[in-house]
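As provided, coords-v9.cif (mmCIF, C-alpha atoms, pLDDT in the B column; chains and numbers go by the auth columns) reads as follows.
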data_target
#
loop_
_atom_site.group_PDB
_atom_site.id
_atom_site.type_symbol
_atom_site.label_atom_id
_atom_site.label_comp_id
_atom_site.label_asym_id
_atom_site.label_seq_id
_atom_site.Cartn_x
_atom_site.Cartn_y
_atom_site.Cartn_z
_atom_site.B_iso_or_equiv
_atom_site.auth_seq_id
_atom_site.auth_asym_id
ATOM 1 C CA ASP A 1 23.525 50.640 41.335 46.00 14 F
ATOM 2 C CA THR A 2 25.293 48.191 39.094 44.00 15 F
ATOM 3 C CA HIS A 3 23.290 45.310 40.476 45.00 16 F
ATOM 4 C CA ILE A 4 20.006 47.164 40.007 43.00 17 F
ATOM 5 C CA MET A 5 20.845 48.068 36.401 45.00 18 F
ATOM 6 C CA SER A 6 21.731 44.450 35.526 44.00 19 F
ATOM 7 C CA LEU A 7 18.247 43.206 36.315 43.00 20 F
ATOM 8 C CA PRO A 8 16.499 44.822 33.321 46.00 21 F
ATOM 9 C CA LEU A 9 19.261 43.526 31.052 44.00 22 F
ATOM 10 C CA TYR A 10 18.691 39.967 32.317 44.00 23 F
ATOM 11 C CA ASN A 11 14.933 40.278 31.872 48.00 24 F
ATOM 12 C CA ARG A 12 15.294 41.544 28.311 46.00 25 F
ATOM 13 C CA ASN A 13 17.592 38.635 27.437 46.00 26 F
ATOM 14 C CA GLN A 14 15.204 36.174 29.019 47.00 27 F
ATOM 15 C CA GLN A 15 12.304 37.664 27.075 47.00 28 F
ATOM 16 C CA ALA A 16 14.263 37.412 23.806 44.00 29 F
ATOM 17 C CA THR A 17 15.113 33.789 24.523 44.00 30 F
ATOM 18 C CA SER A 18 11.476 32.991 25.255 45.00 31 F
ATOM 19 C CA THR A 19 10.387 34.676 22.028 45.00 32 F
ATOM 20 C CA THR A 20 12.943 32.683 20.026 44.00 33 F
ATOM 21 C CA THR A 21 11.784 29.422 21.636 43.00 34 F
ATOM 22 C CA ALA A 22 8.168 30.249 20.854 42.00 35 F
ATOM 23 C CA ASN A 23 9.025 30.975 17.225 44.00 36 F
ATOM 24 C CA GLU A 24 10.915 27.688 16.913 41.00 37 F
ATOM 25 C CA THR A 25 7.962 25.815 18.390 39.00 38 F
ATOM 26 C CA THR A 26 5.572 27.510 15.973 38.00 39 F
ATOM 27 C CA THR A 27 7.834 26.571 13.061 37.00 40 F
ATOM 28 C CA MET A 28 7.902 22.930 14.144 35.00 41 F
ATOM 29 C CA VAL A 29 4.127 22.788 14.404 35.00 42 F
ATOM 30 C CA ALA A 30 3.798 24.341 10.978 37.00 43 F
ATOM 31 C CA ARG A 31 5.992 21.653 9.437 39.00 44 F
ATOM 32 C CA GLY A 32 3.799 18.815 10.635 37.00 45 F
ATOM 33 C CA ALA A 33 0.557 18.334 12.515 38.00 46 F
ATOM 34 C CA TYR A 34 0.950 18.672 16.283 33.00 47 F
ATOM 35 C CA GLY A 35 4.693 19.207 16.008 40.00 48 F
ATOM 36 C CA ARG A 36 5.453 16.052 14.014 42.00 49 F
ATOM 37 C CA VAL A 37 7.671 16.642 11.019 41.00 50 F
ATOM 38 C CA LYS A 38 6.240 15.182 7.815 51.00 51 F
ATOM 39 C CA SER A 39 7.933 12.152 6.278 49.00 52 F
ATOM 40 C CA PRO A 40 10.414 12.926 3.486 56.00 53 F
ATOM 41 C CA LYS A 41 9.187 12.846 -0.083 73.00 54 F
ATOM 42 C CA MET A 42 9.782 9.686 -2.089 83.00 55 F
ATOM 43 C CA THR A 43 13.084 10.106 -3.953 89.00 56 F
ATOM 44 C CA THR A 44 13.932 8.499 -7.295 91.00 57 F
ATOM 45 C CA LYS A 45 16.597 6.299 -5.678 92.00 58 F
ATOM 46 C CA ARG A 46 14.307 5.136 -2.905 91.00 59 F
ATOM 47 C CA TYR A 47 11.529 4.532 -5.439 93.00 60 F
ATOM 48 C CA THR A 48 13.745 2.434 -7.710 94.00 61 F
ATOM 49 C CA ILE A 49 15.050 0.257 -4.885 94.00 62 F
ATOM 50 C CA THR A 50 11.601 -0.214 -3.321 94.00 63 F
ATOM 51 C CA LEU A 51 9.962 -1.004 -6.665 95.00 64 F
ATOM 52 C CA LEU A 52 12.641 -3.542 -7.555 96.00 65 F
ATOM 53 C CA CYS A 53 12.260 -5.263 -4.176 96.00 66 F
ATOM 54 C CA VAL A 54 8.471 -5.369 -4.514 97.00 67 F
ATOM 55 C CA VAL A 55 8.563 -6.895 -7.990 97.00 68 F
ATOM 56 C CA ILE A 56 11.152 -9.543 -7.115 98.00 69 F
ATOM 57 C CA PHE A 57 9.384 -10.387 -3.865 98.00 70 F
ATOM 58 C CA SER A 58 5.952 -10.697 -5.500 98.00 71 F
ATOM 59 C CA LEU A 59 7.221 -13.006 -8.253 98.00 72 F
ATOM 60 C CA ALA A 60 9.213 -15.185 -5.847 98.00 73 F
ATOM 61 C CA SER A 61 6.474 -15.441 -3.216 98.00 74 F
ATOM 62 C CA GLY A 62 3.840 -15.949 -5.927 98.00 75 F
ATOM 63 C CA TYR A 63 5.761 -18.915 -7.302 98.00 76 F
ATOM 64 C CA MET A 64 6.354 -20.228 -3.782 98.00 77 F
ATOM 65 C CA ALA A 65 2.629 -20.163 -3.017 98.00 78 F
ATOM 66 C CA ALA A 66 1.762 -21.577 -6.441 98.00 79 F
ATOM 67 C CA THR A 67 3.835 -24.708 -5.835 98.00 80 F
ATOM 68 C CA ARG A 68 2.518 -25.448 -2.342 97.00 81 F
ATOM 69 C CA PRO A 69 1.903 -27.956 -0.776 96.00 82 F
ATOM 70 C CA GLU A 70 5.495 -29.137 -0.905 94.00 83 F
ATOM 71 C CA GLY A 71 6.032 -31.339 -3.941 94.00 84 F
ATOM 72 C CA ALA A 72 2.745 -30.402 -5.641 96.00 85 F
ATOM 73 C CA GLY A 73 4.502 -28.635 -8.497 96.00 86 F
ATOM 74 C CA TRP A 74 2.874 -26.347 -11.009 98.00 87 F
ATOM 75 C CA ARG A 75 -0.710 -27.116 -12.050 97.00 88 F
ATOM 76 C CA TYR A 76 -3.766 -25.211 -13.264 98.00 89 F
ATOM 77 C CA PHE A 77 -4.611 -24.084 -9.710 98.00 90 F
ATOM 78 C CA SER A 78 -1.139 -22.533 -9.407 98.00 91 F
ATOM 79 C CA TYR A 79 -2.186 -19.594 -11.555 98.00 92 F
ATOM 80 C CA HIS A 80 -4.577 -18.517 -8.783 98.00 93 F
ATOM 81 C CA PRO A 81 -2.056 -17.706 -6.014 98.00 94 F
ATOM 82 C CA PHE A 82 0.562 -16.548 -8.523 98.00 95 F
ATOM 83 C CA LEU A 83 -1.748 -14.030 -10.207 98.00 96 F
ATOM 84 C CA MET A 84 -3.316 -12.856 -6.949 98.00 97 F
ATOM 85 C CA ILE A 85 0.041 -12.179 -5.288 98.00 98 F
ATOM 86 C CA SER A 86 1.479 -10.644 -8.465 98.00 99 F
ATOM 87 C CA GLY A 87 -1.601 -8.433 -8.758 98.00 100 F
ATOM 88 C CA PHE A 88 -2.129 -7.274 -5.180 98.00 101 F
ATOM 89 C CA VAL A 89 1.463 -7.324 -3.940 98.00 102 F
ATOM 90 C CA GLY A 90 3.347 -6.677 -7.169 97.00 103 F
ATOM 91 C CA MET A 91 1.372 -4.330 -9.394 98.00 104 F
ATOM 92 C CA MET A 92 -1.045 -2.623 -6.979 97.00 105 F
ATOM 93 C CA THR A 93 1.660 -1.940 -4.401 97.00 106 F
ATOM 94 C CA SER A 94 3.936 -0.626 -7.159 97.00 107 F
ATOM 95 C CA SER A 95 1.068 1.571 -8.299 97.00 108 F
ATOM 96 C CA ALA A 96 0.713 3.104 -4.823 96.00 109 F
ATOM 97 C CA ILE A 97 4.467 3.662 -4.555 95.00 110 F
ATOM 98 C CA THR A 98 4.613 5.288 -7.992 96.00 111 F
ATOM 99 C CA LYS A 99 1.896 7.784 -7.058 95.00 112 F
ATOM 100 C CA LYS A 100 4.050 8.956 -4.144 93.00 113 F
ATOM 101 C CA LEU A 101 6.511 10.430 -6.650 93.00 114 F
ATOM 102 C CA GLY A 102 3.805 12.887 -7.738 93.00 115 F
ATOM 103 C CA GLY A 103 3.389 14.620 -11.061 94.00 116 F
ATOM 104 C CA TYR A 104 1.298 14.121 -14.187 96.00 117 F
ATOM 105 C CA THR A 105 3.260 11.215 -15.707 97.00 118 F
ATOM 106 C CA ASN A 106 3.551 9.267 -12.448 97.00 119 F
ATOM 107 C CA THR A 107 -0.158 9.733 -11.795 97.00 120 F
ATOM 108 C CA LYS A 108 -0.975 8.148 -15.148 97.00 121 F
ATOM 109 C CA LEU A 109 1.523 5.347 -14.506 97.00 122 F
ATOM 110 C CA HIS A 110 -0.147 4.835 -11.132 98.00 123 F
ATOM 111 C CA GLY A 111 -3.469 4.255 -12.855 97.00 124 F
ATOM 112 C CA MET A 112 -2.058 1.933 -15.520 98.00 125 F
ATOM 113 C CA MET A 113 -0.160 -0.178 -13.005 98.00 126 F
ATOM 114 C CA GLY A 114 -3.200 -0.385 -10.768 98.00 127 F
ATOM 115 C CA PHE A 115 -5.340 -1.491 -13.725 98.00 128 F
ATOM 116 C CA ALA A 116 -2.761 -4.138 -14.653 98.00 129 F
ATOM 117 C CA GLY A 117 -2.849 -5.426 -11.071 98.00 130 F
ATOM 118 C CA LEU A 118 -6.638 -5.538 -11.170 98.00 131 F
ATOM 119 C CA CYS A 119 -6.554 -7.565 -14.402 98.00 132 F
ATOM 120 C CA MET A 120 -4.125 -10.032 -12.792 98.00 133 F
ATOM 121 C CA ALA A 121 -6.397 -10.368 -9.775 98.00 134 F
ATOM 122 C CA TYR A 122 -9.411 -11.045 -11.987 98.00 135 F
ATOM 123 C CA GLY A 123 -7.361 -13.663 -13.812 98.00 136 F
ATOM 124 C CA GLY A 124 -6.591 -15.331 -10.490 98.00 137 F
ATOM 125 C CA PHE A 125 -10.252 -15.107 -9.496 98.00 138 F
ATOM 126 C CA TYR A 126 -11.313 -16.776 -12.755 98.00 139 F
ATOM 127 C CA VAL A 127 -8.826 -19.617 -12.260 98.00 140 F
ATOM 128 C CA ILE A 128 -10.025 -20.527 -8.765 98.00 141 F
ATOM 129 C CA TYR A 129 -13.672 -20.236 -9.778 97.00 142 F
ATOM 130 C CA GLN A 130 -13.163 -22.464 -12.823 98.00 143 F
ATOM 131 C CA ASN A 131 -10.981 -24.884 -10.874 97.00 144 F
ATOM 132 C CA LYS A 132 -13.693 -25.406 -8.264 97.00 145 F
ATOM 133 C CA ASN A 133 -16.258 -25.921 -11.000 97.00 146 F
ATOM 134 C CA ASN A 134 -14.028 -28.563 -12.596 96.00 147 F
ATOM 135 C CA MET A 135 -13.622 -30.340 -9.255 96.00 148 F
ATOM 136 C CA GLY A 136 -17.295 -30.020 -8.311 96.00 149 F
ATOM 137 C CA LYS A 137 -16.537 -28.033 -5.146 96.00 150 F
ATOM 138 C CA PRO A 138 -18.776 -25.260 -3.717 96.00 151 F
ATOM 139 C CA HIS A 139 -17.690 -21.612 -3.860 96.00 152 F
ATOM 140 C CA PHE A 140 -17.046 -19.170 -0.992 96.00 153 F
ATOM 141 C CA THR A 141 -16.886 -21.639 1.870 95.00 154 F
ATOM 142 C CA SER A 142 -14.006 -20.067 3.808 96.00 155 F
ATOM 143 C CA THR A 143 -12.965 -16.774 5.358 95.00 156 F
ATOM 144 C CA HIS A 144 -10.178 -16.574 2.771 97.00 157 F
ATOM 145 C CA ALA A 145 -12.655 -16.839 -0.096 97.00 158 F
ATOM 146 C CA TRP A 146 -15.020 -14.199 1.271 97.00 159 F
ATOM 147 C CA GLY A 147 -12.124 -11.921 2.161 97.00 160 F
ATOM 148 C CA GLY A 148 -10.796 -12.242 -1.378 97.00 161 F
ATOM 149 C CA LEU A 149 -14.202 -11.388 -2.814 97.00 162 F
ATOM 150 C CA VAL A 150 -14.459 -8.262 -0.641 97.00 163 F
ATOM 151 C CA CYS A 151 -11.009 -7.192 -1.813 97.00 164 F
ATOM 152 C CA MET A 152 -11.920 -7.731 -5.460 98.00 165 F
ATOM 153 C CA VAL A 153 -15.044 -5.600 -5.128 98.00 166 F
ATOM 154 C CA GLY A 154 -13.172 -2.958 -3.132 98.00 167 F
ATOM 155 C CA VAL A 155 -10.256 -2.461 -5.527 98.00 168 F
ATOM 156 C CA THR A 156 -12.666 -2.463 -8.477 98.00 169 F
ATOM 157 C CA VAL A 157 -14.729 0.356 -6.976 98.00 170 F
ATOM 158 C CA VAL A 158 -11.630 2.327 -5.948 98.00 171 F
ATOM 159 C CA GLY A 159 -10.110 1.878 -9.409 97.00 172 F
ATOM 160 C CA LEU A 160 -13.252 2.938 -11.256 97.00 173 F
ATOM 161 C CA ALA A 161 -13.703 5.950 -9.004 97.00 174 F
ATOM 162 C CA GLY A 162 -10.093 6.946 -9.562 97.00 175 F
ATOM 163 C CA GLY A 163 -10.416 6.637 -13.330 96.00 176 F
ATOM 164 C CA VAL A 164 -13.635 8.624 -13.564 96.00 177 F
ATOM 165 C CA LEU A 165 -13.103 11.221 -10.847 97.00 178 F
ATOM 166 C CA LEU A 166 -9.356 11.684 -10.517 97.00 179 F
ATOM 167 C CA HIS A 167 -7.786 10.995 -13.912 97.00 180 F
ATOM 168 C CA PRO A 168 -5.346 13.876 -14.644 96.00 181 F
ATOM 169 C CA ASP A 169 -6.820 14.407 -18.131 97.00 182 F
ATOM 170 C CA TRP A 170 -10.579 14.039 -17.765 96.00 183 F
ATOM 171 C CA GLY A 171 -11.262 13.463 -14.054 96.00 184 F
ATOM 172 C CA ILE A 172 -14.385 15.407 -13.120 96.00 185 F
ATOM 173 C CA ALA A 173 -13.128 15.889 -9.540 96.00 186 F
ATOM 174 C CA LYS A 174 -9.360 15.648 -10.003 95.00 187 F
ATOM 175 C CA THR A 175 -8.691 18.712 -7.832 95.00 188 F
ATOM 176 C CA ASN A 176 -11.089 17.748 -5.046 97.00 189 F
ATOM 177 C CA LYS A 177 -8.989 17.064 -1.950 96.00 190 F
ATOM 178 C CA SER A 178 -11.717 15.051 -0.217 97.00 191 F
ATOM 179 C CA TYR A 179 -12.086 12.612 -3.121 96.00 192 F
ATOM 180 C CA ARG A 180 -8.315 12.319 -3.396 96.00 193 F
ATOM 181 C CA ALA A 181 -8.016 11.509 0.314 97.00 194 F
ATOM 182 C CA LEU A 182 -10.770 8.871 0.098 97.00 195 F
ATOM 183 C CA HIS A 183 -9.098 7.289 -2.932 97.00 196 F
ATOM 184 C CA PHE A 184 -5.756 7.300 -1.120 96.00 197 F
ATOM 185 C CA TRP A 185 -6.944 5.636 2.075 96.00 198 F
ATOM 186 C CA PHE A 186 -9.498 3.185 0.662 97.00 199 F
ATOM 187 C CA GLY A 187 -6.998 2.143 -1.987 97.00 200 F
ATOM 188 C CA ARG A 188 -4.402 1.322 0.640 96.00 201 F
ATOM 189 C CA ILE A 189 -6.930 -0.380 2.908 96.00 202 F
ATOM 190 C CA PHE A 190 -8.072 -2.760 0.169 97.00 203 F
ATOM 191 C CA ILE A 191 -4.516 -3.405 -1.020 97.00 204 F
ATOM 192 C CA MET A 192 -3.481 -4.422 2.487 97.00 205 F
ATOM 193 C CA LEU A 193 -6.640 -6.507 2.879 97.00 206 F
ATOM 194 C CA GLY A 194 -5.610 -8.174 -0.368 97.00 207 F
ATOM 195 C CA TRP A 195 -2.212 -8.915 1.173 97.00 208 F
ATOM 196 C CA PHE A 196 -3.964 -10.500 4.142 97.00 209 F
ATOM 197 C CA ALA A 197 -6.148 -12.591 1.834 98.00 210 F
ATOM 198 C CA CYS A 198 -3.013 -13.797 0.032 98.00 211 F
ATOM 199 C CA PHE A 199 -1.458 -14.751 3.355 98.00 212 F
ATOM 200 C CA THR A 200 -4.531 -16.668 4.549 98.00 213 F
ATOM 201 C CA GLY A 201 -4.567 -18.459 1.206 98.00 214 F
ATOM 202 C CA LEU A 202 -0.989 -19.589 1.776 98.00 215 F
ATOM 203 C CA GLN A 203 -1.986 -20.804 5.230 97.00 216 F
ATOM 204 C CA GLN A 204 -4.483 -23.126 3.558 97.00 217 F
ATOM 205 C CA LEU A 205 -1.745 -24.549 1.357 97.00 218 F
ATOM 206 C CA THR A 206 0.946 -25.128 3.991 97.00 219 F
ATOM 207 C CA THR A 207 1.354 -25.217 7.760 97.00 220 F
ATOM 208 C CA ASN A 208 5.103 -24.590 7.526 97.00 221 F
ATOM 209 C CA LEU A 209 5.750 -21.482 9.623 97.00 222 F
ATOM 210 C CA ILE A 210 8.952 -20.605 7.779 98.00 223 F
ATOM 211 C CA THR A 211 7.147 -20.604 4.449 97.00 224 F
ATOM 212 C CA GLN A 212 4.383 -18.460 5.909 98.00 225 F
ATOM 213 C CA ALA A 213 6.945 -16.047 7.366 98.00 226 F
ATOM 214 C CA LEU A 214 8.639 -15.681 3.971 98.00 227 F
ATOM 215 C CA LEU A 215 5.417 -14.077 2.738 98.00 228 F
ATOM 216 C CA GLY A 216 4.098 -12.423 5.891 97.00 229 F
ATOM 217 C CA LEU A 217 7.168 -10.642 7.293 97.00 230 F
ATOM 218 C CA PRO A 218 8.141 -8.778 4.090 96.00 231 F
ATOM 219 C CA LEU A 219 4.528 -7.637 3.754 96.00 232 F
ATOM 220 C CA LEU A 220 4.735 -6.088 7.219 95.00 233 F
ATOM 221 C CA LEU A 221 7.914 -4.264 6.180 92.00 234 F
ATOM 222 C CA LEU A 222 6.170 -2.917 3.107 92.00 235 F
ATOM 223 C CA VAL A 223 3.609 -1.032 5.184 92.00 236 F
ATOM 224 C CA PRO A 224 5.928 1.762 6.436 87.00 237 F
ATOM 225 C CA PHE A 225 8.431 1.667 3.568 77.00 238 F
ATOM 226 C CA GLY A 226 6.065 1.330 0.632 74.00 239 F
ATOM 227 C CA ILE A 227 2.419 2.008 1.409 80.00 240 F
ATOM 228 C CA LEU A 228 2.365 4.782 4.036 79.00 241 F
#
Please lay out the structure from this file as structure tokens.
Amino acid sequence: DTHIMSLPLYNRNQQATSTTTANETTTMVARGAYGRVKSPKMTTKRYTITLLCVVIFSLASGYMAATRPEGAGWRYFSYHPFLMISGFVGMMTSSAITKKLGGYTNTKLHGMMGFAGLCMAYGGFYVIYQNKNNMGKPHFTSTHAWGGLVCMVGVTVVGLAGGVLLHPDWGIAKTNKSYRALHFWFGRIFIMLGWFACFTGLQQLTTNLITQALLGLPLLLLVPFGIL
């Protein structure tokens, strides 16, 4: 009799365990799509450290590219790589990182920093265009040049759309999740394409693999820690 009575007790315990496991699984799925837990929110400490690294890296790598080839020193052309790297890597990346903090003030800072980066990029674009005119060279004759032009058009469109549609004060679609998602992803796509254009520009200035790695490897690290 004792053995027979223990069977229902075992079954009830097993059923309770199964129910608990199912609830835990449901909770995990609810936290992140398909059971993946969402990445932690950007903290103030992480933001400060990341932003400081981005700014220092962009200024140092911008100067490095501006003075290539080795021994060339600073000249009028140098403003082109310096402003492009400072704009795309320094200001635009900082703008994307700042937006991850969320909130009204950070959203406005995101827009202002992005606009500053765009102005720097246009300054770099003007320098290379004027420099080629001065030297009598044709424009847009390389993959780097065309890639840079695509990036300039892309970030301009994304920036204008963000200012008109998503500005926290007057954005006509600031609460539209679809527009916000498009702005998020296209912004990051064109920023990273801008990074690639900066890297291919450095490749035209030097064949030194160590110098190229000093720009390329930190940019790869910025993808998971800063952009995504």
Report task. Spell out the residues picked by the PyMOL selection byres ((chain F and resi 121) around 12) here, as a PyMOL selection string. Result -> chain F and resi 108-109+111-112+114-120+122-128+175-176+179-184
Taking the file above as input, evaluate the PyMOL selection byres ((chain F and resi 131) around 9) and report the hits as a short mmCIF file (atom, residue, chain, number, x, y, z; two decimals) with C-alpha atoms, in the frame of the given file.
data_model
loop_
_atom_site.label_atom_id
_atom_site.label_comp_id
_atom_site.auth_asym_id
_atom_site.auth_seq_id
_atom_site.Cartn_x
_atom_site.Cartn_y
_atom_site.Cartn_z
CA GLY F 100 -1.60 -8.43 -8.76
CA PHE F 101 -2.13 -7.27 -5.18
CA MET F 104 1.37 -4.33 -9.39
CA MET F 105 -1.04 -2.62 -6.98
CA MET F 126 -0.16 -0.18 -13.00
CA GLY F 127 -3.20 -0.38 -10.77
CA PHE F 128 -5.34 -1.49 -13.72
CA ALA F 129 -2.76 -4.14 -14.65
CA GLY F 130 -2.85 -5.43 -11.07
CA CYS F 132 -6.55 -7.56 -14.40
CA MET F 133 -4.12 -10.03 -12.79
CA ALA F 134 -6.40 -10.37 -9.78
CA TYR F 135 -9.41 -11.04 -11.99
CA GLY F 136 -7.36 -13.66 -13.81
CA MET F 165 -11.92 -7.73 -5.46
CA VAL F 168 -10.26 -2.46 -5.53
CA THR F 169 -12.67 -2.46 -8.48
CA GLY F 172 -10.11 1.88 -9.41
#
Requested in this report: Using only C-alpha atoms, give me every residue within 12 Å of (-6.1, -11.0, 8.3) in file coordinates, as a ChimeraX atom specification.
Outcome: /F:156-157,159-161,164,202-203,205-216,229,233
Requested in this report: Pick out the closest residue to Phe197 in chain F from this set: F:Ser74, F:Ile185, F:Ile110, F:Phe90. Count all atoms listed in the file.
Outcome: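 The answer is F:Ile110, which sits nearest to Phe197 in chain F.
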Considering only C-alpha atoms, return as a short mmCIF file (atom, residue, chain, number, x, y, z; two decimals) with C-alpha atoms, in the frame of the given file whatever protein or nucleic-acid residues lie within 9 Å of Phe70 in chain F, sequence-local ones (same chain, fewer than 4 positions apart) excluded.
data_model
loop_
_atom_site.label_atom_id
_atom_site.label_comp_id
_atom_site.auth_asym_id
_atom_site.auth_seq_id
_atom_site.Cartn_x
_atom_site.Cartn_y
_atom_site.Cartn_z
CA LEU F 65 12.64 -3.54 -7.56
CA CYS F 66 12.26 -5.26 -4.18
CA SER F 74 6.47 -15.44 -3.22
CA GLY F 75 3.84 -15.95 -5.93
CA VAL F 102 1.46 -7.32 -3.94
CA GLY F 103 3.35 -6.68 -7.17
CA LEU F 228 5.42 -14.08 2.74
CA PRO F 231 8.14 -8.78 4.09
#
Requested in this report: Have a look at CA of Ser99 in chain F and CA of Lys58 in chain F and let me know their distance in Å, one decimal.
Outcome: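 Going from CA of Ser99 in chain F over to CA of Lys58 in chain F, I get 22.9 Å.
From CA of Thr63 in chain F back to CA of Glu83 in chain F, the distance works out to 29.7 Å.
Atom to atom, CA of Gly200 in chain F and CA of Val236 in chain F stand 13.2 Å apart.
Distance annotation: of F:Val140, F:Val171, F:Ala226, F:Leu234, the residue with the minimal separation from Trp198 in chain F is F:Val171; atom set is only C-alpha atoms.
Non-sequential neighbours of Tyr92 in chain F (distance at most 7 Å, separation of 2 or more positions within a chain, all atoms listed in the file) are Ala79, Tyr89, Phe90, Pro94, Phe95, Leu96, Gly137 and Val140 of chain F.
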Query raised in the report: Which is closer to Arg59 in chain F than all the others in F:Gly239, F:Thr220, F:Lys190, F:Ala78, using all atoms listed in the file?
Result: F:Gly239
Query - F:Ile240, F:Pro151, F:Leu227, F:Lys187 ranked by distance to Ser71 in chain F, top pick (using all atoms listed in the file) - result: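 Once distances to Ser71 in chain F are computed over all atoms listed in the file, the minimum belongs to F:Leu227.
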Requested in this report: Find, counting only C-alpha atoms, the residue in F:Leu178, F:Phe238, F:Arg81, F:Gly86 that gets nearest to Arg193 in chain F.
Outcome: F:Leu178
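Each of F:Met77, F:Ile141, F:Leu232, F:Leu173 was checked against His93 in chain F using all atoms listed in the file; the smallest atom-to-atom distance is that of F:Ile141.
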